[in-house]
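Right, one structure below, let's go through it.
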Amino acid sequence: MLVVDRHGGLVRVNEAGQELLPEAADGDWLHERVPSWLSDAHQRISDGLRHASGGPLSGPVNDRLFEAHPTLGSDGNVVWWLVDETDRRLAETALKDAQTRSEILAEVSNALLSTLNVPRSMEVAASMAAEHLAEAAVLVAPAQGRRHALTYVRRGGPVTQVTRQIDVSAVPGLAEALQGFPPVPTRWINPDDIHDWVIPEGFAGPVGSVIVAPLLGHGVPAGALILLRSLTEQAFTEGEEIFARLFAARAGAALSAARMYSEQVGITATLMRELLPPRLGNVHGVEYAGGYRAAGDQERVGGDFYDVHPGSDPSQETLVVLGDVAGKGLDAAVLTGKIRDTLHALLPLAEDHERVLDLLNGALLNSRHTRFATLVLASMRRREGRVEVRLTSAGHLPPLIVRTDGTVEEVPTHGTLVGALPTVAVRTVRTVLAPGETCLLYTDGITEARGGPLGDELFGERRLRRALSECAGLPAEAVVERVQMLAAQWLGTGRHDDMAAVAFSAPRKDPLKAVDGRTSGRNSRRST
């Protein structure tokens with residue numbers, strides 16, 4: 001407390017005031033003992049004026065921050081109450097800094113978790129580090145062989161991503177950070193020791209301060225983050241160093257998640273390639289075409305499948321397989337993969353369909369799978385423009401043949417399904433395709449497609465036969481596309497089972513001609 005008269009003389013200084021202003025004594029002039037902000041305020045009050053800010057007066061006194069509250073006495077003296085606000089202001093500043101950093105970390109998390117692309121995650125992490133923490137940032141990814149993916153960015157500048165061989169020992173603590181060890185304190189890093197490859201192009205001035213923080217992932221290091229400030233900037237404080245580690249922890253978790261996702265996508269794509277139906281075309285003078293639609297719109301594989309195994313030369317038979325595993329989705333697709341691999345191994349025995357199916361049946365019965373499957377095998381070779389075909393059904397829908405006059409014939413092959421009974425009993429049928437004739441193999445997902453005007457009627461074999469009769473003379477690809485299109489139109493947006501179809505044709509001797517969108521088939525009608 002200071003009591004000051006209207007002329008600016010000290011009238012009284014209490015004990016706390018003496019501790020704050022040890023040289024102050026009664027009778028001294030106020031402006032000689034206190035900072036100008038306080039003496040000027042007293043002068044304004046003595047002159048009958050309010051102080052300019054309108055709020056509590058505040059200012060430094062001996063490296064401490066005080067608020068000054070005046071009280072006017074009846075004798076014209078002013079009592080100044082000085083309240084030490086230093087600790088409260090420091091606490092408020094620390095709280096505000098903590099809130100700001102929490103907001104930054106939340107922003108970082110949102111930005112990084114918005115993408116699972118590894119290069120994009122590295123770009124976002126480096127950019128936000130340069131924006132909020134340093135003048136420049138360098139993100140070093142784990143080594144791939146002898147090379148590291150590097151992401152450079154200056155505050156307000158473009159992002160540069162390169163892959164090169166680097167000397168990690170050129171930065172103290174970098175080798176340890178890339179292995180996930182605790183970071184080296186900033187005060188231990190001499191900026192003069194930083195190698196040129198660390199400094200982004202266009203960085204202003206010599207490096208004055210460096211932070212190296214590990215990017216800790218999910219049990220595996222996700223890289224390291226190098227933060228740079230020039231000599232013209234304030235050196236990193238201890239608080240900023242701690243915050244940089246928190247930032248790096250968030251970035252490392254996001255990068256690790258993105259990298260794990262990328263690896264899983266790669267593995268899935270590799271496995272998916274083995275499960276997806278093959279692309280078909282012309283093999284040894286016979287036209288092949290296939291179409292597949294999984295039960296789920298978001299799925300690519302399911303329980304239906306087909307394969308074409310070409311003969312070693314035109315004189316050898318080509319084997320076509322179409323099958324339907326009980327169930328749908330990924331579980332069914334796993335079994336289709338097993339069946340396809342088993343049939344591939346049994347190709348040397350393909351001359352005997354029954355033998356192949358019997359061995360496949362045994363393999364399925366001895367596996368851990370409890371699902372069964374239906375199959376149809378077709379072996380064919382072209383001779384003198386005609387295609388000789390052997391067809392064997394194992395519990396599957398009979399193949400349909402479209403003759404040149406539009407007649408649709410059902411091949412009378414039948415048999416028991418595989419993977420359910422100890423033995424397989426089948427009947428093989430031989431037939432011949434003349435030029436322009438096509439054989440269609442299909443699964444029940446097509447005939448059992450439920451739709452129509454009321455959405456509850458099956459597409460059925462009758463509609464399929466009528467559609468095929470209008471495809472007389474068309475190539476295999478056009479037949480499959482026609483069947484798929486009609487089934488999809490019948491379904492609309494309704495649910496459905498897996499649908500697969502394979503067609504093979506004996507090529508026509510003359511080019512196919514169409515008039516008014518119609519072929520020369522027997523019925524030559526538009527579909528209804």
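Letters A, B, ... mark the chains of the structure tokens in the order given; residue numbers begin at 1 per chain; ligand numbers begin at 1, in order shown.
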
Practice prompt. Do a neighbour search on Glu448 (chain A) at 7 Å with only C-alpha atoms, toss out local chain neighbours closer than 6 positions, and write the hits as an MDAnalysis selection string.
Written response: chainID A and resid 458:460

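Neighbouring residues of region 383-394 of chain A at 6 Å or closer, counting only C-alpha atoms and skipping chain neighbours under 2 positions away, are Thr374, Leu375, Val376, Leu377, Ala378, Ser379, Met380, Arg381, His396, Thr413, His414, Gly415, Thr416, Leu417, Thr428, Val429, Arg430, Thr431, Val432, Leu433, Ala434 and Ala506 of chain A.
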
Practice prompt. Please provide the set of residues having any atom within 9 Å of region 44-49 of chain A, restricted to only C-alpha atoms, with same-chain residues fewer than 2 positions apart removed, written as a PyMOL selection string.
Written response: chain A and resi 5-8+39-42+51-52+70+72+76-78

May I have the residues from that selection written out with C-alpha atoms, as a PDB file, in the first residue's frame?
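Saved the output as result23.pdb:
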```pdb
ATOM      1  CA  ASP A   5      -0.698  13.223  -1.676  1.00  0.00           C
ATOM      2  CA  ARG A   6      -2.109  15.279  -4.528  1.00  0.00           C
ATOM      3  CA  HIS A   7       1.330  16.654  -5.355  1.00  0.00           C
ATOM      4  CA  GLY A   8       2.902  13.212  -5.818  1.00  0.00           C
ATOM      5  CA  SER A  39       3.265   7.850 -11.324  1.00  0.00           C
ATOM      6  CA  ASP A  40       1.515   9.038 -14.518  1.00  0.00           C
ATOM      7  CA  ALA A  41      -1.705   7.411 -13.407  1.00  0.00           C
ATOM      8  CA  HIS A  42      -1.495   9.155 -10.026  1.00  0.00           C
ATOM      9  CA  HIS A  51      -6.832   6.628 -16.544  1.00  0.00           C
ATOM     10  CA  ALA A  52      -6.920   5.821 -20.235  1.00  0.00           C
ATOM     11  CA  PRO A  70      -6.578   3.702  -6.334  1.00  0.00           C
ATOM     12  CA  LEU A  72      -9.449   8.615  -2.995  1.00  0.00           C
ATOM     13  CA  GLY A  76      -7.159  14.604  -1.060  1.00  0.00           C
ATOM     14  CA  ASN A  77      -4.621  11.798  -0.677  1.00  0.00           C
ATOM     15  CA  VAL A  78      -4.764   8.685  -2.899  1.00  0.00           C
TER      16      VAL A  78
END
```

Discussion item. Just list as a PyMOL selection string whatever in region 218-402 of chain A DSSP marks as helix (DSSP H, G or I).
Written reply: chain A and resi 238-275+330-345+347-349+353-365

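The spacing separating CA of Phe66 (chain A) from CA of Ala98 (chain A) amounts to 23.8 Å.
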
Worksheet item: Between A:Trp81, A:His218, A:Thr237, A:Val402, which one has atoms that come closest to Leu441 (chain A), using only C-alpha atoms?
Response: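 Among the listed residues, the smallest separation from Leu441 (chain A) belongs to A:Val402.
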
Discussion item. With only C-alpha atoms as the counted atoms, please give the residues lying no more than 6 Å from Ala501 (chain A), apart from itself and same-chain residues fewer than 4 positions off, as a count of residues only.
Written reply: 4

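You can rank A:Val34, A:Gly436, A:Gly205, A:Ala258 by their closest distance to Arg120 (chain A) using only C-alpha atoms, and at the top of that list sits A:Ala258.
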
Worksheet item: Of the candidates A:Ile211, A:Val118, A:Ala487, A:Ala126, which one gets nearest to Leu227 (chain A) if we count only C-alpha atoms?
Response: A:Ile211

Quick one: pick out all strand (DSSP E or B) residues within region 29-136 of chain A from a backbone DSSP run and write them as an mmCIF file with all heavy atoms, in the first residue's frame.
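Listing of out.cif after writing:
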```
data_model
loop_
_atom_site.group_PDB
_atom_site.id
_atom_site.type_symbol
_atom_site.label_atom_id
_atom_site.label_comp_id
_atom_site.auth_asym_id
_atom_site.auth_seq_id
_atom_site.Cartn_x
_atom_site.Cartn_y
_atom_site.Cartn_z
ATOM 1 N N TRP A 29 9.379 11.588 -3.530
ATOM 2 C CA TRP A 29 8.487 11.803 -4.671
ATOM 3 C C TRP A 29 8.157 10.449 -5.305
ATOM 4 O O TRP A 29 9.022 9.588 -5.481
ATOM 5 C CB TRP A 29 9.125 12.717 -5.701
ATOM 6 C CG TRP A 29 9.302 14.124 -5.232
ATOM 7 C CD1 TRP A 29 10.460 14.734 -4.886
ATOM 8 C CD2 TRP A 29 8.257 15.072 -5.046
ATOM 9 N NE1 TRP A 29 10.237 16.029 -4.494
ATOM 10 C CE2 TRP A 29 8.859 16.271 -4.580
ATOM 11 C CE3 TRP A 29 6.863 15.060 -5.206
ATOM 12 C CZ2 TRP A 29 8.131 17.421 -4.270
ATOM 13 C CZ3 TRP A 29 6.143 16.212 -4.918
ATOM 14 C CH2 TRP A 29 6.761 17.377 -4.465
ATOM 15 N N LEU A 57 -5.466 -0.712 -13.582
ATOM 16 C CA LEU A 57 -4.107 -0.388 -14.031
ATOM 17 C C LEU A 57 -3.200 -1.579 -13.766
ATOM 18 O O LEU A 57 -3.341 -2.282 -12.764
ATOM 19 C CB LEU A 57 -3.592 0.830 -13.276
ATOM 20 C CG LEU A 57 -4.193 2.191 -13.649
ATOM 21 C CD1 LEU A 57 -3.774 3.219 -12.606
ATOM 22 C CD2 LEU A 57 -3.719 2.606 -15.014
ATOM 23 N N SER A 58 -2.275 -1.814 -14.655
ATOM 24 C CA SER A 58 -1.318 -2.897 -14.443
ATOM 25 C C SER A 58 -0.018 -2.542 -15.121
ATOM 26 O O SER A 58 0.014 -1.780 -16.089
ATOM 27 C CB SER A 58 -1.860 -4.222 -14.989
ATOM 28 O OG SER A 58 -2.032 -4.165 -16.389
ATOM 29 N N GLY A 59 1.059 -3.106 -14.584
ATOM 30 C CA GLY A 59 2.364 -2.874 -15.163
ATOM 31 C C GLY A 59 3.434 -3.548 -14.341
ATOM 32 O O GLY A 59 3.183 -4.087 -13.254
ATOM 33 N N PRO A 60 4.661 -3.556 -14.832
ATOM 34 C CA PRO A 60 5.750 -4.232 -14.126
ATOM 35 C C PRO A 60 6.338 -3.366 -13.004
ATOM 36 O O PRO A 60 6.457 -2.151 -13.129
ATOM 37 C CB PRO A 60 6.771 -4.465 -15.237
ATOM 38 C CG PRO A 60 6.537 -3.349 -16.201
ATOM 39 C CD PRO A 60 5.085 -3.046 -16.153
ATOM 40 N N VAL A 61 6.697 -4.047 -11.925
ATOM 41 C CA VAL A 61 7.438 -3.431 -10.825
ATOM 42 C C VAL A 61 8.482 -4.449 -10.385
ATOM 43 O O VAL A 61 8.136 -5.520 -9.864
ATOM 44 C CB VAL A 61 6.532 -3.057 -9.635
ATOM 45 C CG1 VAL A 61 7.374 -2.438 -8.509
ATOM 46 C CG2 VAL A 61 5.431 -2.101 -10.064
ATOM 47 N N ARG A 64 8.098 -7.991 -11.627
ATOM 48 C CA ARG A 64 6.835 -8.621 -11.266
ATOM 49 C C ARG A 64 5.703 -7.789 -11.862
ATOM 50 O O ARG A 64 5.864 -6.593 -12.124
ATOM 51 C CB ARG A 64 6.652 -8.702 -9.746
ATOM 52 C CG ARG A 64 7.760 -9.431 -9.000
ATOM 53 C CD ARG A 64 7.710 -10.926 -9.208
ATOM 54 N NE ARG A 64 6.548 -11.536 -8.552
ATOM 55 C CZ ARG A 64 6.283 -12.842 -8.570
ATOM 56 N NH1 ARG A 64 7.084 -13.653 -9.264
ATOM 57 N NH2 ARG A 64 5.235 -13.326 -7.955
ATOM 58 N N LEU A 65 4.581 -8.446 -12.104
ATOM 59 C CA LEU A 65 3.438 -7.762 -12.698
ATOM 60 C C LEU A 65 2.421 -7.437 -11.597
ATOM 61 O O LEU A 65 2.011 -8.326 -10.842
ATOM 62 C CB LEU A 65 2.789 -8.639 -13.770
ATOM 63 C CG LEU A 65 1.635 -8.007 -14.547
ATOM 64 C CD1 LEU A 65 2.137 -6.828 -15.374
ATOM 65 C CD2 LEU A 65 0.969 -9.042 -15.448
ATOM 66 N N PHE A 66 2.028 -6.135 -11.517
ATOM 67 C CA PHE A 66 1.101 -5.706 -10.478
ATOM 68 C C PHE A 66 -0.097 -4.999 -11.099
ATOM 69 O O PHE A 66 0.009 -4.360 -12.149
ATOM 70 C CB PHE A 66 1.795 -4.729 -9.506
ATOM 71 C CG PHE A 66 2.732 -5.406 -8.548
ATOM 72 C CD1 PHE A 66 4.035 -5.706 -8.930
ATOM 73 C CD2 PHE A 66 2.318 -5.723 -7.258
ATOM 74 C CE1 PHE A 66 4.901 -6.318 -8.050
ATOM 75 C CE2 PHE A 66 3.183 -6.331 -6.374
ATOM 76 C CZ PHE A 66 4.492 -6.626 -6.763
ATOM 77 N N GLU A 67 -1.221 -5.154 -10.424
ATOM 78 C CA GLU A 67 -2.389 -4.318 -10.686
ATOM 79 C C GLU A 67 -2.455 -3.257 -9.606
ATOM 80 O O GLU A 67 -2.225 -3.563 -8.429
ATOM 81 C CB GLU A 67 -3.678 -5.144 -10.690
ATOM 82 C CG GLU A 67 -3.916 -5.907 -11.977
ATOM 83 C CD GLU A 67 -5.289 -6.541 -12.026
ATOM 84 O OE1 GLU A 67 -6.044 -6.386 -11.028
ATOM 85 O OE2 GLU A 67 -5.626 -7.180 -13.031
ATOM 86 N N ALA A 68 -2.779 -2.019 -10.006
ATOM 87 C CA ALA A 68 -2.846 -0.898 -9.057
ATOM 88 C C ALA A 68 -4.287 -0.397 -8.956
ATOM 89 O O ALA A 68 -4.884 -0.032 -9.983
ATOM 90 C CB ALA A 68 -1.926 0.226 -9.498
ATOM 91 N N HIS A 69 -4.842 -0.397 -7.744
ATOM 92 C CA HIS A 69 -6.223 0.025 -7.508
ATOM 93 C C HIS A 69 -6.208 1.271 -6.621
ATOM 94 O O HIS A 69 -5.811 1.195 -5.443
ATOM 95 C CB HIS A 69 -7.016 -1.098 -6.832
ATOM 96 C CG HIS A 69 -7.046 -2.373 -7.631
ATOM 97 N ND1 HIS A 69 -8.003 -2.634 -8.567
ATOM 98 C CD2 HIS A 69 -6.194 -3.454 -7.631
ATOM 99 C CE1 HIS A 69 -7.781 -3.829 -9.111
ATOM 100 N NE2 HIS A 69 -6.678 -4.326 -8.552
ATOM 101 N N PRO A 70 -6.614 2.462 -7.121
ATOM 102 C CA PRO A 70 -6.578 3.702 -6.334
ATOM 103 C C PRO A 70 -7.868 3.900 -5.501
ATOM 104 O O PRO A 70 -8.963 3.520 -5.938
ATOM 105 C CB PRO A 70 -6.464 4.774 -7.404
ATOM 106 C CG PRO A 70 -7.169 4.188 -8.592
ATOM 107 C CD PRO A 70 -6.945 2.708 -8.535
ATOM 108 N N THR A 71 -7.688 4.492 -4.313
ATOM 109 C CA THR A 71 -8.821 4.881 -3.467
ATOM 110 C C THR A 71 -8.603 6.334 -3.040
ATOM 111 O O THR A 71 -7.561 6.656 -2.452
ATOM 112 C CB THR A 71 -8.936 3.984 -2.223
ATOM 113 O OG1 THR A 71 -9.082 2.623 -2.637
ATOM 114 C CG2 THR A 71 -10.135 4.399 -1.372
ATOM 115 N N LEU A 72 -9.568 7.201 -3.339
ATOM 116 C CA LEU A 72 -9.449 8.615 -2.995
ATOM 117 C C LEU A 72 -9.865 8.848 -1.544
ATOM 118 O O LEU A 72 -10.927 8.394 -1.097
ATOM 119 C CB LEU A 72 -10.327 9.468 -3.923
ATOM 120 C CG LEU A 72 -9.916 9.481 -5.409
ATOM 121 C CD1 LEU A 72 -10.943 10.269 -6.222
ATOM 122 C CD2 LEU A 72 -8.538 10.082 -5.562
ATOM 123 N N VAL A 78 -4.348 9.888 -2.158
ATOM 124 C CA VAL A 78 -4.764 8.685 -2.899
ATOM 125 C C VAL A 78 -4.053 7.479 -2.308
ATOM 126 O O VAL A 78 -2.822 7.503 -2.132
ATOM 127 C CB VAL A 78 -4.427 8.796 -4.406
ATOM 128 C CG1 VAL A 78 -4.865 7.533 -5.140
ATOM 129 C CG2 VAL A 78 -5.091 10.022 -5.009
ATOM 130 N N VAL A 79 -4.851 6.481 -1.959
ATOM 131 C CA VAL A 79 -4.283 5.219 -1.451
ATOM 132 C C VAL A 79 -4.175 4.245 -2.629
ATOM 133 O O VAL A 79 -5.192 3.906 -3.244
ATOM 134 C CB VAL A 79 -5.153 4.628 -0.327
ATOM 135 C CG1 VAL A 79 -4.531 3.319 0.178
ATOM 136 C CG2 VAL A 79 -5.334 5.618 0.804
ATOM 137 N N TRP A 80 -2.955 3.846 -2.927
ATOM 138 C CA TRP A 80 -2.712 2.887 -4.023
ATOM 139 C C TRP A 80 -2.501 1.489 -3.444
ATOM 140 O O TRP A 80 -1.606 1.280 -2.621
ATOM 141 C CB TRP A 80 -1.487 3.282 -4.839
ATOM 142 C CG TRP A 80 -1.725 4.472 -5.718
ATOM 143 C CD1 TRP A 80 -1.419 5.771 -5.461
ATOM 144 C CD2 TRP A 80 -2.335 4.433 -7.002
ATOM 145 N NE1 TRP A 80 -1.793 6.589 -6.481
ATOM 146 C CE2 TRP A 80 -2.377 5.768 -7.482
ATOM 147 C CE3 TRP A 80 -2.876 3.446 -7.814
ATOM 148 C CZ2 TRP A 80 -2.909 6.126 -8.701
ATOM 149 C CZ3 TRP A 80 -3.404 3.804 -9.045
ATOM 150 C CH2 TRP A 80 -3.415 5.128 -9.485
ATOM 151 N N TRP A 81 -3.390 0.575 -3.876
ATOM 152 C CA TRP A 81 -3.259 -0.833 -3.463
ATOM 153 C C TRP A 81 -2.621 -1.601 -4.621
ATOM 154 O O TRP A 81 -3.185 -1.688 -5.710
ATOM 155 C CB TRP A 81 -4.624 -1.433 -3.136
ATOM 156 C CG TRP A 81 -5.366 -0.698 -2.061
ATOM 157 C CD1 TRP A 81 -6.253 0.305 -2.193
ATOM 158 C CD2 TRP A 81 -5.210 -0.934 -0.660
ATOM 159 N NE1 TRP A 81 -6.698 0.745 -0.973
ATOM 160 C CE2 TRP A 81 -6.074 -0.011 -0.004
ATOM 161 C CE3 TRP A 81 -4.446 -1.802 0.123
ATOM 162 C CZ2 TRP A 81 -6.184 0.052 1.381
ATOM 163 C CZ3 TRP A 81 -4.571 -1.749 1.492
ATOM 164 C CH2 TRP A 81 -5.427 -0.837 2.120
ATOM 165 N N LEU A 82 -1.443 -2.127 -4.400
ATOM 166 C CA LEU A 82 -0.716 -2.873 -5.442
ATOM 167 C C LEU A 82 -0.884 -4.383 -5.200
ATOM 168 O O LEU A 82 -0.502 -4.885 -4.136
ATOM 169 C CB LEU A 82 0.761 -2.507 -5.437
ATOM 170 C CG LEU A 82 1.087 -1.017 -5.630
ATOM 171 C CD1 LEU A 82 2.592 -0.801 -5.664
ATOM 172 C CD2 LEU A 82 0.450 -0.483 -6.897
ATOM 173 N N VAL A 83 -1.465 -5.055 -6.167
ATOM 174 C CA VAL A 83 -1.740 -6.502 -6.054
ATOM 175 C C VAL A 83 -0.837 -7.243 -7.044
ATOM 176 O O VAL A 83 -0.854 -6.966 -8.250
ATOM 177 C CB VAL A 83 -3.219 -6.812 -6.362
ATOM 178 C CG1 VAL A 83 -3.488 -8.304 -6.212
ATOM 179 C CG2 VAL A 83 -4.128 -6.000 -5.443
ATOM 180 N N ASP A 84 -0.064 -8.185 -6.529
ATOM 181 C CA ASP A 84 0.855 -8.966 -7.369
ATOM 182 C C ASP A 84 0.048 -9.957 -8.226
ATOM 183 O O ASP A 84 -0.588 -10.879 -7.718
ATOM 184 C CB ASP A 84 1.848 -9.719 -6.484
ATOM 185 C CG ASP A 84 2.994 -10.323 -7.292
ATOM 186 O OD1 ASP A 84 2.854 -10.423 -8.528
ATOM 187 O OD2 ASP A 84 4.018 -10.673 -6.687
ATOM 188 N N ALA A 136 10.801 -25.000 -40.476
ATOM 189 C CA ALA A 136 10.850 -26.057 -41.480
ATOM 190 C C ALA A 136 10.775 -27.406 -40.775
ATOM 191 O O ALA A 136 11.144 -27.537 -39.607
ATOM 192 C CB ALA A 136 12.129 -25.959 -42.320
#
```

Worksheet item: Which residues, written as a PyMOL selection string, have at least one atom at most 7 Å from Pro507 (chain A), with only C-alpha atoms counted and residues fewer than 2 positions away on the same chain left out?
Response: chain A and resi 286-287+435-436+505+509
